[in-house]
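Next comes coords16.txt, with compact mmCIF, N, CA, C and O atoms.
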# COMPACT_ATOMS: atom_id res chain seq x y z
N MET A 1 1.97 -12.71 15.69
CA MET A 1 1.14 -12.18 14.61
C MET A 1 1.62 -10.77 14.26
O MET A 1 1.87 -9.95 15.12
N ALA A 2 1.73 -10.49 12.98
CA ALA A 2 2.22 -9.19 12.52
C ALA A 2 1.17 -8.11 12.75
O ALA A 2 -0.03 -8.38 12.77
N GLN A 3 1.67 -6.90 12.96
CA GLN A 3 0.76 -5.77 13.14
C GLN A 3 0.03 -5.48 11.82
O GLN A 3 0.61 -5.57 10.75
N ALA A 4 -1.21 -5.10 11.95
CA ALA A 4 -2.01 -4.78 10.77
C ALA A 4 -1.54 -3.49 10.12
O ALA A 4 -0.87 -2.67 10.74
N LEU A 5 -1.90 -3.32 8.88
CA LEU A 5 -1.66 -2.08 8.16
C LEU A 5 -2.93 -1.26 8.16
O LEU A 5 -4.02 -1.81 8.29
N THR A 6 -2.79 0.04 7.99
CA THR A 6 -3.94 0.92 7.96
C THR A 6 -3.96 1.68 6.64
O THR A 6 -2.93 2.19 6.19
N LEU A 7 -5.12 1.74 6.03
CA LEU A 7 -5.34 2.52 4.82
C LEU A 7 -6.14 3.74 5.25
O LEU A 7 -7.24 3.60 5.79
N THR A 8 -5.60 4.94 5.05
CA THR A 8 -6.32 6.15 5.48
C THR A 8 -7.54 6.38 4.60
O THR A 8 -7.67 5.82 3.51
N GLN A 9 -8.42 7.25 5.09
CA GLN A 9 -9.62 7.59 4.33
C GLN A 9 -9.25 8.20 2.98
O GLN A 9 -9.86 7.88 1.95
N ALA A 10 -8.23 9.07 2.96
CA ALA A 10 -7.80 9.70 1.70
C ALA A 10 -7.31 8.65 0.70
O ALA A 10 -7.63 8.71 -0.49
N ALA A 11 -6.54 7.67 1.19
CA ALA A 11 -6.05 6.61 0.31
C ALA A 11 -7.20 5.73 -0.18
O ALA A 11 -7.26 5.36 -1.36
N ALA A 12 -8.12 5.40 0.72
CA ALA A 12 -9.28 4.59 0.33
C ALA A 12 -10.11 5.31 -0.73
O ALA A 12 -10.55 4.69 -1.71
N ASN A 13 -10.32 6.61 -0.56
CA ASN A 13 -11.07 7.37 -1.55
C ASN A 13 -10.39 7.34 -2.91
O ASN A 13 -11.05 7.18 -3.94
N ARG A 14 -9.06 7.50 -2.93
CA ARG A 14 -8.32 7.52 -4.19
C ARG A 14 -8.36 6.14 -4.87
O ARG A 14 -8.58 6.05 -6.07
N VAL A 15 -8.14 5.08 -4.10
CA VAL A 15 -8.19 3.72 -4.67
C VAL A 15 -9.58 3.45 -5.23
O VAL A 15 -9.73 2.92 -6.34
N GLY A 16 -10.62 3.84 -4.48
CA GLY A 16 -11.99 3.64 -4.94
C GLY A 16 -12.26 4.36 -6.25
O GLY A 16 -12.88 3.81 -7.16
N ALA A 17 -11.76 5.60 -6.37
CA ALA A 17 -11.96 6.38 -7.60
C ALA A 17 -11.24 5.74 -8.78
O ALA A 17 -11.80 5.64 -9.88
N ILE A 18 -10.02 5.30 -8.57
CA ILE A 18 -9.24 4.65 -9.64
C ILE A 18 -9.93 3.35 -10.07
O ILE A 18 -10.08 3.07 -11.25
N ALA A 19 -10.36 2.56 -9.09
CA ALA A 19 -11.00 1.27 -9.38
C ALA A 19 -12.30 1.48 -10.17
O ALA A 19 -12.57 0.77 -11.14
N ARG A 20 -13.10 2.46 -9.75
CA ARG A 20 -14.36 2.74 -10.47
C ARG A 20 -14.07 3.14 -11.91
O ARG A 20 -14.74 2.70 -12.84
N LYS A 21 -13.07 3.99 -12.09
CA LYS A 21 -12.72 4.46 -13.43
C LYS A 21 -12.28 3.30 -14.33
O LYS A 21 -12.56 3.29 -15.52
N GLN A 22 -11.61 2.30 -13.73
CA GLN A 22 -11.13 1.15 -14.50
C GLN A 22 -12.12 -0.01 -14.49
O GLN A 22 -11.87 -1.05 -15.11
N GLY A 23 -13.24 0.14 -13.78
CA GLY A 23 -14.24 -0.93 -13.71
C GLY A 23 -13.72 -2.16 -13.00
O GLY A 23 -14.03 -3.29 -13.37
N ARG A 24 -12.94 -1.95 -11.94
CA ARG A 24 -12.32 -3.07 -11.21
C ARG A 24 -12.74 -3.04 -9.75
O ARG A 24 -13.29 -2.07 -9.26
N GLU A 25 -12.38 -4.12 -9.04
CA GLU A 25 -12.58 -4.18 -7.59
C GLU A 25 -11.65 -3.17 -6.93
O GLU A 25 -10.55 -2.91 -7.43
N ALA A 26 -12.06 -2.62 -5.80
CA ALA A 26 -11.23 -1.64 -5.07
C ALA A 26 -10.30 -2.39 -4.11
O ALA A 26 -10.51 -2.42 -2.90
N ILE A 27 -9.27 -3.02 -4.69
CA ILE A 27 -8.30 -3.78 -3.91
C ILE A 27 -6.91 -3.29 -4.30
O ILE A 27 -6.47 -3.46 -5.44
N LEU A 28 -6.20 -2.68 -3.34
CA LEU A 28 -4.85 -2.17 -3.57
C LEU A 28 -3.85 -3.14 -2.98
O LEU A 28 -3.93 -3.52 -1.81
N ARG A 29 -2.91 -3.59 -3.82
CA ARG A 29 -1.83 -4.47 -3.34
C ARG A 29 -0.59 -3.62 -3.09
O ARG A 29 -0.14 -2.90 -3.96
N LEU A 30 -0.06 -3.73 -1.87
CA LEU A 30 1.21 -3.12 -1.51
C LEU A 30 2.23 -4.24 -1.42
O LEU A 30 2.02 -5.23 -0.72
N SER A 31 3.32 -4.10 -2.16
CA SER A 31 4.40 -5.07 -2.06
C SER A 31 5.72 -4.33 -1.93
O SER A 31 5.80 -3.14 -2.19
N VAL A 32 6.74 -5.05 -1.49
CA VAL A 32 8.06 -4.48 -1.31
C VAL A 32 9.02 -5.24 -2.21
O VAL A 32 9.01 -6.46 -2.25
N GLU A 33 9.83 -4.49 -2.95
CA GLU A 33 10.83 -5.08 -3.84
C GLU A 33 12.19 -4.53 -3.49
O GLU A 33 12.31 -3.43 -2.94
N GLY A 34 13.23 -5.27 -3.82
CA GLY A 34 14.58 -4.77 -3.65
C GLY A 34 14.83 -3.67 -4.67
O GLY A 34 14.31 -3.69 -5.77
N GLY A 35 15.58 -2.64 -4.25
CA GLY A 35 15.90 -1.55 -5.18
C GLY A 35 15.61 -0.21 -4.57
O GLY A 35 15.44 -0.08 -3.35
N GLY A 36 15.54 0.80 -5.40
CA GLY A 36 15.33 2.15 -4.90
C GLY A 36 16.62 2.70 -4.32
O GLY A 36 17.61 2.00 -4.19
N CYS A 37 16.59 3.95 -3.92
CA CYS A 37 17.83 4.57 -3.44
C CYS A 37 18.16 4.20 -2.00
O CYS A 37 19.25 4.48 -1.54
N SER A 38 17.25 3.51 -1.29
CA SER A 38 17.53 3.14 0.10
C SER A 38 17.54 1.63 0.34
O SER A 38 17.63 1.19 1.47
N GLY A 39 17.43 0.82 -0.69
CA GLY A 39 17.50 -0.63 -0.53
C GLY A 39 16.23 -1.38 -0.85
O GLY A 39 16.26 -2.47 -1.41
N PHE A 40 15.08 -0.84 -0.45
CA PHE A 40 13.78 -1.45 -0.75
C PHE A 40 12.87 -0.37 -1.32
O PHE A 40 13.03 0.81 -1.01
N GLN A 41 11.92 -0.79 -2.15
CA GLN A 41 10.97 0.18 -2.67
C GLN A 41 9.56 -0.38 -2.60
O GLN A 41 9.35 -1.58 -2.69
N TYR A 42 8.61 0.53 -2.41
CA TYR A 42 7.20 0.15 -2.35
C TYR A 42 6.64 0.06 -3.77
O TYR A 42 7.01 0.82 -4.64
N LYS A 43 5.74 -0.90 -3.95
CA LYS A 43 5.07 -1.05 -5.25
C LYS A 43 3.57 -1.14 -4.97
O LYS A 43 3.15 -1.90 -4.11
N PHE A 44 2.79 -0.36 -5.70
CA PHE A 44 1.34 -0.36 -5.56
C PHE A 44 0.71 -0.82 -6.87
O PHE A 44 1.10 -0.37 -7.94
N ASP A 45 -0.29 -1.71 -6.77
CA ASP A 45 -1.03 -2.18 -7.93
C ASP A 45 -2.48 -2.42 -7.53
O ASP A 45 -2.74 -2.85 -6.40
N LEU A 46 -3.40 -2.19 -8.45
CA LEU A 46 -4.76 -2.68 -8.24
C LEU A 46 -4.74 -4.16 -8.57
O LEU A 46 -4.07 -4.59 -9.50
N THR A 47 -5.45 -4.95 -7.80
CA THR A 47 -5.51 -6.38 -8.05
C THR A 47 -6.97 -6.80 -8.05
O THR A 47 -7.83 -6.09 -7.51
N ASP A 48 -7.26 -7.94 -8.66
CA ASP A 48 -8.64 -8.39 -8.75
C ASP A 48 -9.10 -9.20 -7.55
O ASP A 48 -10.29 -9.30 -7.28
N GLU A 49 -8.13 -9.79 -6.83
CA GLU A 49 -8.49 -10.55 -5.63
C GLU A 49 -7.28 -10.74 -4.73
O GLU A 49 -6.14 -10.65 -5.18
N ALA A 50 -7.55 -10.99 -3.47
CA ALA A 50 -6.48 -11.26 -2.51
C ALA A 50 -6.07 -12.73 -2.62
O ALA A 50 -6.89 -13.58 -2.96
N GLU A 51 -4.82 -13.00 -2.34
CA GLU A 51 -4.34 -14.38 -2.29
C GLU A 51 -4.66 -14.94 -0.90
O GLU A 51 -4.86 -14.19 0.05
N ALA A 52 -4.66 -16.27 -0.77
CA ALA A 52 -5.03 -16.92 0.49
C ALA A 52 -4.15 -16.49 1.66
O ALA A 52 -4.63 -16.35 2.79
N GLU A 53 -2.85 -16.24 1.42
CA GLU A 53 -1.92 -15.91 2.51
C GLU A 53 -1.86 -14.42 2.81
O GLU A 53 -1.18 -14.00 3.75
N ASP A 54 -2.49 -13.59 2.00
CA ASP A 54 -2.41 -12.15 2.16
C ASP A 54 -3.01 -11.66 3.48
O ASP A 54 -4.01 -12.21 3.95
N MET A 55 -2.43 -10.61 4.03
CA MET A 55 -3.03 -9.87 5.13
C MET A 55 -3.94 -8.84 4.46
O MET A 55 -3.55 -8.20 3.49
N ILE A 56 -5.17 -8.71 4.97
CA ILE A 56 -6.14 -7.80 4.37
C ILE A 56 -6.58 -6.78 5.41
O ILE A 56 -6.94 -7.13 6.53
N SER A 57 -6.54 -5.52 5.02
CA SER A 57 -7.04 -4.42 5.84
C SER A 57 -8.12 -3.74 5.00
O SER A 57 -7.97 -3.62 3.79
N GLU A 58 -9.18 -3.29 5.65
CA GLU A 58 -10.27 -2.68 4.87
C GLU A 58 -10.68 -1.34 5.47
O GLU A 58 -10.79 -1.19 6.68
N THR A 59 -10.86 -0.35 4.60
CA THR A 59 -11.34 0.98 4.99
C THR A 59 -12.44 1.38 4.02
O THR A 59 -12.19 1.46 2.81
N GLU A 60 -13.63 1.60 4.53
CA GLU A 60 -14.76 2.05 3.70
C GLU A 60 -14.97 1.18 2.46
O GLU A 60 -15.22 1.69 1.37
N GLY A 61 -14.82 -0.14 2.61
CA GLY A 61 -15.04 -1.06 1.50
C GLY A 61 -13.87 -1.22 0.56
O GLY A 61 -13.93 -2.01 -0.38
N VAL A 62 -12.78 -0.48 0.78
CA VAL A 62 -11.58 -0.60 -0.04
C VAL A 62 -10.59 -1.48 0.72
O VAL A 62 -10.33 -1.26 1.90
N LYS A 63 -10.05 -2.49 0.03
CA LYS A 63 -9.13 -3.42 0.67
C LYS A 63 -7.68 -3.09 0.33
O LYS A 63 -7.37 -2.74 -0.80
N LEU A 64 -6.82 -3.23 1.34
CA LEU A 64 -5.37 -3.15 1.18
C LEU A 64 -4.86 -4.55 1.45
O LEU A 64 -5.14 -5.11 2.52
N VAL A 65 -4.17 -5.15 0.49
CA VAL A 65 -3.65 -6.51 0.67
C VAL A 65 -2.12 -6.50 0.57
O VAL A 65 -1.55 -5.75 -0.22
N VAL A 66 -1.50 -7.33 1.42
CA VAL A 66 -0.04 -7.42 1.47
C VAL A 66 0.35 -8.88 1.62
O VAL A 66 -0.19 -9.60 2.46
N ASP A 67 1.33 -9.30 0.82
CA ASP A 67 1.81 -10.69 0.89
C ASP A 67 2.65 -10.87 2.15
O ASP A 67 3.16 -9.90 2.71
N PRO A 68 2.83 -12.13 2.62
CA PRO A 68 3.54 -12.38 3.88
C PRO A 68 4.99 -11.88 3.90
O PRO A 68 5.46 -11.39 4.93
N ILE A 69 5.72 -11.98 2.80
CA ILE A 69 7.12 -11.54 2.76
C ILE A 69 7.18 -10.02 2.90
O ILE A 69 7.95 -9.49 3.71
N SER A 70 6.36 -9.29 2.15
CA SER A 70 6.34 -7.83 2.24
C SER A 70 5.85 -7.39 3.61
O SER A 70 6.33 -6.38 4.15
N LEU A 71 4.91 -8.13 4.18
CA LEU A 71 4.33 -7.76 5.46
C LEU A 71 5.40 -7.67 6.55
O LEU A 71 5.33 -6.81 7.43
N GLU A 72 6.42 -8.53 6.48
CA GLU A 72 7.50 -8.48 7.47
C GLU A 72 8.19 -7.12 7.46
O GLU A 72 8.70 -6.67 8.49
N LEU A 73 8.22 -6.45 6.31
CA LEU A 73 8.92 -5.17 6.17
C LEU A 73 8.02 -3.95 6.39
O LEU A 73 8.52 -2.85 6.60
N VAL A 74 6.70 -4.15 6.31
CA VAL A 74 5.79 -3.00 6.42
C VAL A 74 4.75 -3.14 7.53
O VAL A 74 3.84 -2.32 7.63
N ALA A 75 4.88 -4.14 8.40
CA ALA A 75 3.91 -4.33 9.48
C ALA A 75 3.76 -3.06 10.30
O ALA A 75 4.74 -2.40 10.63
N GLY A 76 2.53 -2.70 10.60
CA GLY A 76 2.25 -1.52 11.40
C GLY A 76 2.24 -0.21 10.62
O GLY A 76 2.05 0.85 11.20
N SER A 77 2.42 -0.28 9.31
CA SER A 77 2.48 0.93 8.49
C SER A 77 1.10 1.53 8.24
O SER A 77 0.08 0.86 8.34
N VAL A 78 1.12 2.81 7.88
CA VAL A 78 -0.08 3.52 7.47
C VAL A 78 0.12 3.94 6.02
O VAL A 78 1.13 4.54 5.67
N VAL A 79 -0.84 3.58 5.16
CA VAL A 79 -0.78 3.97 3.75
C VAL A 79 -1.73 5.15 3.56
O VAL A 79 -2.92 5.05 3.86
N ASP A 80 -1.17 6.25 3.06
CA ASP A 80 -1.93 7.48 2.88
C ASP A 80 -1.82 7.92 1.42
O ASP A 80 -0.97 7.43 0.67
N PHE A 81 -2.69 8.83 1.02
CA PHE A 81 -2.61 9.45 -0.29
C PHE A 81 -2.47 10.94 -0.05
O PHE A 81 -3.30 11.55 0.62
N VAL A 82 -1.37 11.51 -0.56
CA VAL A 82 -1.11 12.93 -0.32
C VAL A 82 -1.02 13.68 -1.64
O VAL A 82 -0.50 13.16 -2.62
N GLU A 83 -1.55 14.89 -1.62
CA GLU A 83 -1.48 15.77 -2.78
C GLU A 83 -0.74 17.03 -2.37
O GLU A 83 -1.02 17.59 -1.31
N SER A 84 0.21 17.46 -3.20
CA SER A 84 0.97 18.68 -2.93
C SER A 84 1.31 19.35 -4.25
O SER A 84 0.95 18.86 -5.31
N LEU A 85 2.02 20.45 -4.17
CA LEU A 85 2.44 21.13 -5.40
C LEU A 85 3.31 20.24 -6.26
O LEU A 85 3.33 20.37 -7.48
N GLY A 86 4.05 19.33 -5.63
CA GLY A 86 4.94 18.43 -6.36
C GLY A 86 4.22 17.27 -7.03
O GLY A 86 4.82 16.51 -7.77
N GLY A 87 2.93 17.10 -6.75
CA GLY A 87 2.18 16.00 -7.35
C GLY A 87 1.36 15.27 -6.30
O GLY A 87 1.21 15.74 -5.17
N ALA A 88 0.85 14.14 -6.68
CA ALA A 88 0.03 13.33 -5.79
C ALA A 88 0.57 11.91 -5.80
O ALA A 88 0.99 11.41 -6.84
N ALA A 89 0.58 11.27 -4.63
CA ALA A 89 1.14 9.93 -4.55
C ALA A 89 0.67 9.21 -3.29
O ALA A 89 0.27 9.84 -2.32
N PHE A 90 0.73 7.89 -3.34
CA PHE A 90 0.52 7.10 -2.14
C PHE A 90 1.80 7.19 -1.32
O PHE A 90 2.90 7.16 -1.87
N LYS A 91 1.65 7.30 -0.01
CA LYS A 91 2.79 7.43 0.89
C LYS A 91 2.66 6.39 1.99
O LYS A 91 1.57 6.21 2.53
N VAL A 92 3.76 5.73 2.32
CA VAL A 92 3.76 4.74 3.38
C VAL A 92 4.51 5.30 4.59
O VAL A 92 5.68 5.68 4.47
N GLU A 93 3.83 5.37 5.72
CA GLU A 93 4.49 5.74 6.98
C GLU A 93 4.85 4.43 7.65
O GLU A 93 3.99 3.76 8.23
N ASN A 94 6.12 4.05 7.53
CA ASN A 94 6.59 2.72 7.94
C ASN A 94 7.42 2.81 9.21
O ASN A 94 8.53 3.33 9.19
N PRO A 95 6.90 2.27 10.33
CA PRO A 95 7.65 2.33 11.58
C PRO A 95 8.89 1.43 11.58
O PRO A 95 9.75 1.57 12.45
N ASN A 96 9.02 0.54 10.61
CA ASN A 96 10.15 -0.38 10.52
C ASN A 96 11.33 0.21 9.76
O ASN A 96 12.43 -0.32 9.80
N ALA A 97 11.09 1.29 9.03
CA ALA A 97 12.14 1.87 8.18
C ALA A 97 13.13 2.65 9.03
O ALA A 97 12.77 3.55 9.78
N ALA A 98 14.41 2.31 8.89
CA ALA A 98 15.47 3.01 9.62
C ALA A 98 16.00 4.17 8.77
O ALA A 98 16.60 5.09 9.29
N ALA A 99 15.79 4.09 7.47
CA ALA A 99 16.25 5.14 6.55
C ALA A 99 15.23 5.30 5.45
O ALA A 99 14.51 4.36 5.12
N GLY A 100 15.19 6.47 4.89
CA GLY A 100 14.27 6.74 3.78
C GLY A 100 14.96 7.61 2.77
O GLY A 100 16.15 7.90 2.88
N CYS A 101 14.21 8.02 1.77
CA CYS A 101 14.79 8.89 0.76
C CYS A 101 13.83 10.06 0.53
O CYS A 101 12.70 10.04 0.97
N GLY A 102 14.29 11.04 -0.17
CA GLY A 102 13.49 12.22 -0.43
C GLY A 102 12.24 11.94 -1.24
O GLY A 102 11.22 12.59 -1.06
N CYS A 103 12.28 10.94 -2.11
CA CYS A 103 11.11 10.65 -2.96
C CYS A 103 10.01 9.94 -2.16
O CYS A 103 8.87 9.93 -2.59
N GLY A 104 10.36 9.33 -1.03
CA GLY A 104 9.36 8.67 -0.21
C GLY A 104 8.91 7.32 -0.71
O GLY A 104 8.04 6.71 -0.14
N SER A 105 9.51 6.84 -1.80
CA SER A 105 9.07 5.55 -2.33
C SER A 105 10.06 4.42 -2.04
O SER A 105 9.84 3.30 -2.45
N SER A 106 11.15 4.72 -1.35
CA SER A 106 12.07 3.65 -0.97
C SER A 106 12.51 3.84 0.48
O SER A 106 12.36 4.91 1.05
N PHE A 107 13.01 2.74 1.07
CA PHE A 107 13.38 2.78 2.48
C PHE A 107 14.45 1.74 2.76
O PHE A 107 14.70 0.85 1.96
N GLY A 108 15.07 1.85 3.92
CA GLY A 108 16.06 0.89 4.39
C GLY A 108 15.67 0.40 5.77
O GLY A 108 14.97 1.08 6.51
N ILE A 109 16.13 -0.78 6.10
CA ILE A 109 15.82 -1.39 7.41
C ILE A 109 17.08 -1.38 8.27
O ILE A 109 18.14 -1.66 7.81
Show me this structure written as structure tokens.
Amino acid sequence: MAQALTLTQAAANRVGAIARKQGREAILRLSVEGGGCSGFQYKFDLTDEAEAEDMISETEGVKLVVDPISLELVAGSVVDFVESLGGAAFKVENPNAAAGCGCGSSFGI
């Protein structure tokens, strides 16, 4: 069984705020696609419901859902929301990533 993912309180708060503003369910989908400067890149979307095969993690009523293929690449990760002078973004702390990039949105295995 794959390790669960964790959605931090800061990330849950941000997803909840975005979902309320858009009048949608507070469900964040994390997926992994080929590309980016390190081989794979993270993609975040609000979704209306989880698929039957999805892994679901919940923090304060906000759900993080990941499909089985992406889960193989991000198992055990922590999804956070960080704000800095450079902007604000969701950040994935991925224990499976052997390489990363300065932008933080792509990784290599």
**OP:** Please identify which residues in chain A DSSP calls helix (DSSP H, G or I) from the backbone, and express them as a PyMOL selection string.
**Re:** chain A and resi 9-22+68-74
Counting only N, CA, C and O atoms, which residues in range 39-106 of chain A sit no more than 4.5 Å from range 20-26 of chain A? For each one, give the nearest pair of atoms and the distance in Å, sorted by chain then residue number, as CSV.
residue,atom,partner,partner_atom,distance
A:Thr47,O,A:Glu25,O,4.2
A:Gly61,O,A:Ala26,O,4.3
A:Val62,CA,A:Ala26,O,3.6
A:Lys63,N,A:Ala26,O,3.0
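Relative to atom C of Arg14 in chain A, atom O of Phe81 in chain A is found at 9.2 Å.
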(message) Would you compute the distance between CA of Ile69 in chain A and CA of Val15 in chain A? Give it in Å to one decimal.
(response)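 Going from CA of Ile69 in chain A over to CA of Val15 in chain A covers 22.9 Å.
Comparing A:Val66, A:Ala4, A:Ile18, A:Leu30 by their smallest distance to Lys91 in chain A, the closest is A:Leu30 (using only C-alpha atoms).
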Among A:Glu33, A:Glu93, A:Glu49, A:Glu83, Val65 in chain A is approached most closely, using all atoms listed in the file, by A:Glu49
Inset, instruction - For CA of Ser70 in chain A and CA of Ala89 in chain A, determine how far apart the two atoms are, in Å to one decimal place. - result: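 The value is 19.7 Å.
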Please give the complete set of residues from range 37-74 of chain A that DSSP, run on the backbone, assigns to strand (DSSP E or B), formatted as a VMD selection string.
-> chain A and resid 40 to 46 55 to 59 62 to 66
When distances are computed from only C-alpha atoms, which of A:Gln9, A:Lys43, A:Ser31, A:Asn94 shows the smallest separation from Leu71 in chain A?
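Of A:Gln9, A:Lys43, A:Ser31, A:Asn94, the one nearest Leu71 in chain A, counting only C-alpha atoms, is A:Ser31.
The nearest approach to Ser57 in chain A among the residues A:Leu7, A:Ala75, A:Asp45, A:Ala98, with only N, CA, C and O atoms taken into account, belongs to A:Leu7.
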**Request:** Could you check which of A:Val82, A:Val92, A:Ile27, A:Leu64 is closest to Tyr42 in chain A, using only C-alpha atoms?
**Result:**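 Of A:Val82, A:Val92, A:Ile27, A:Leu64, the one nearest Tyr42 in chain A, counting only C-alpha atoms, is A:Val92.
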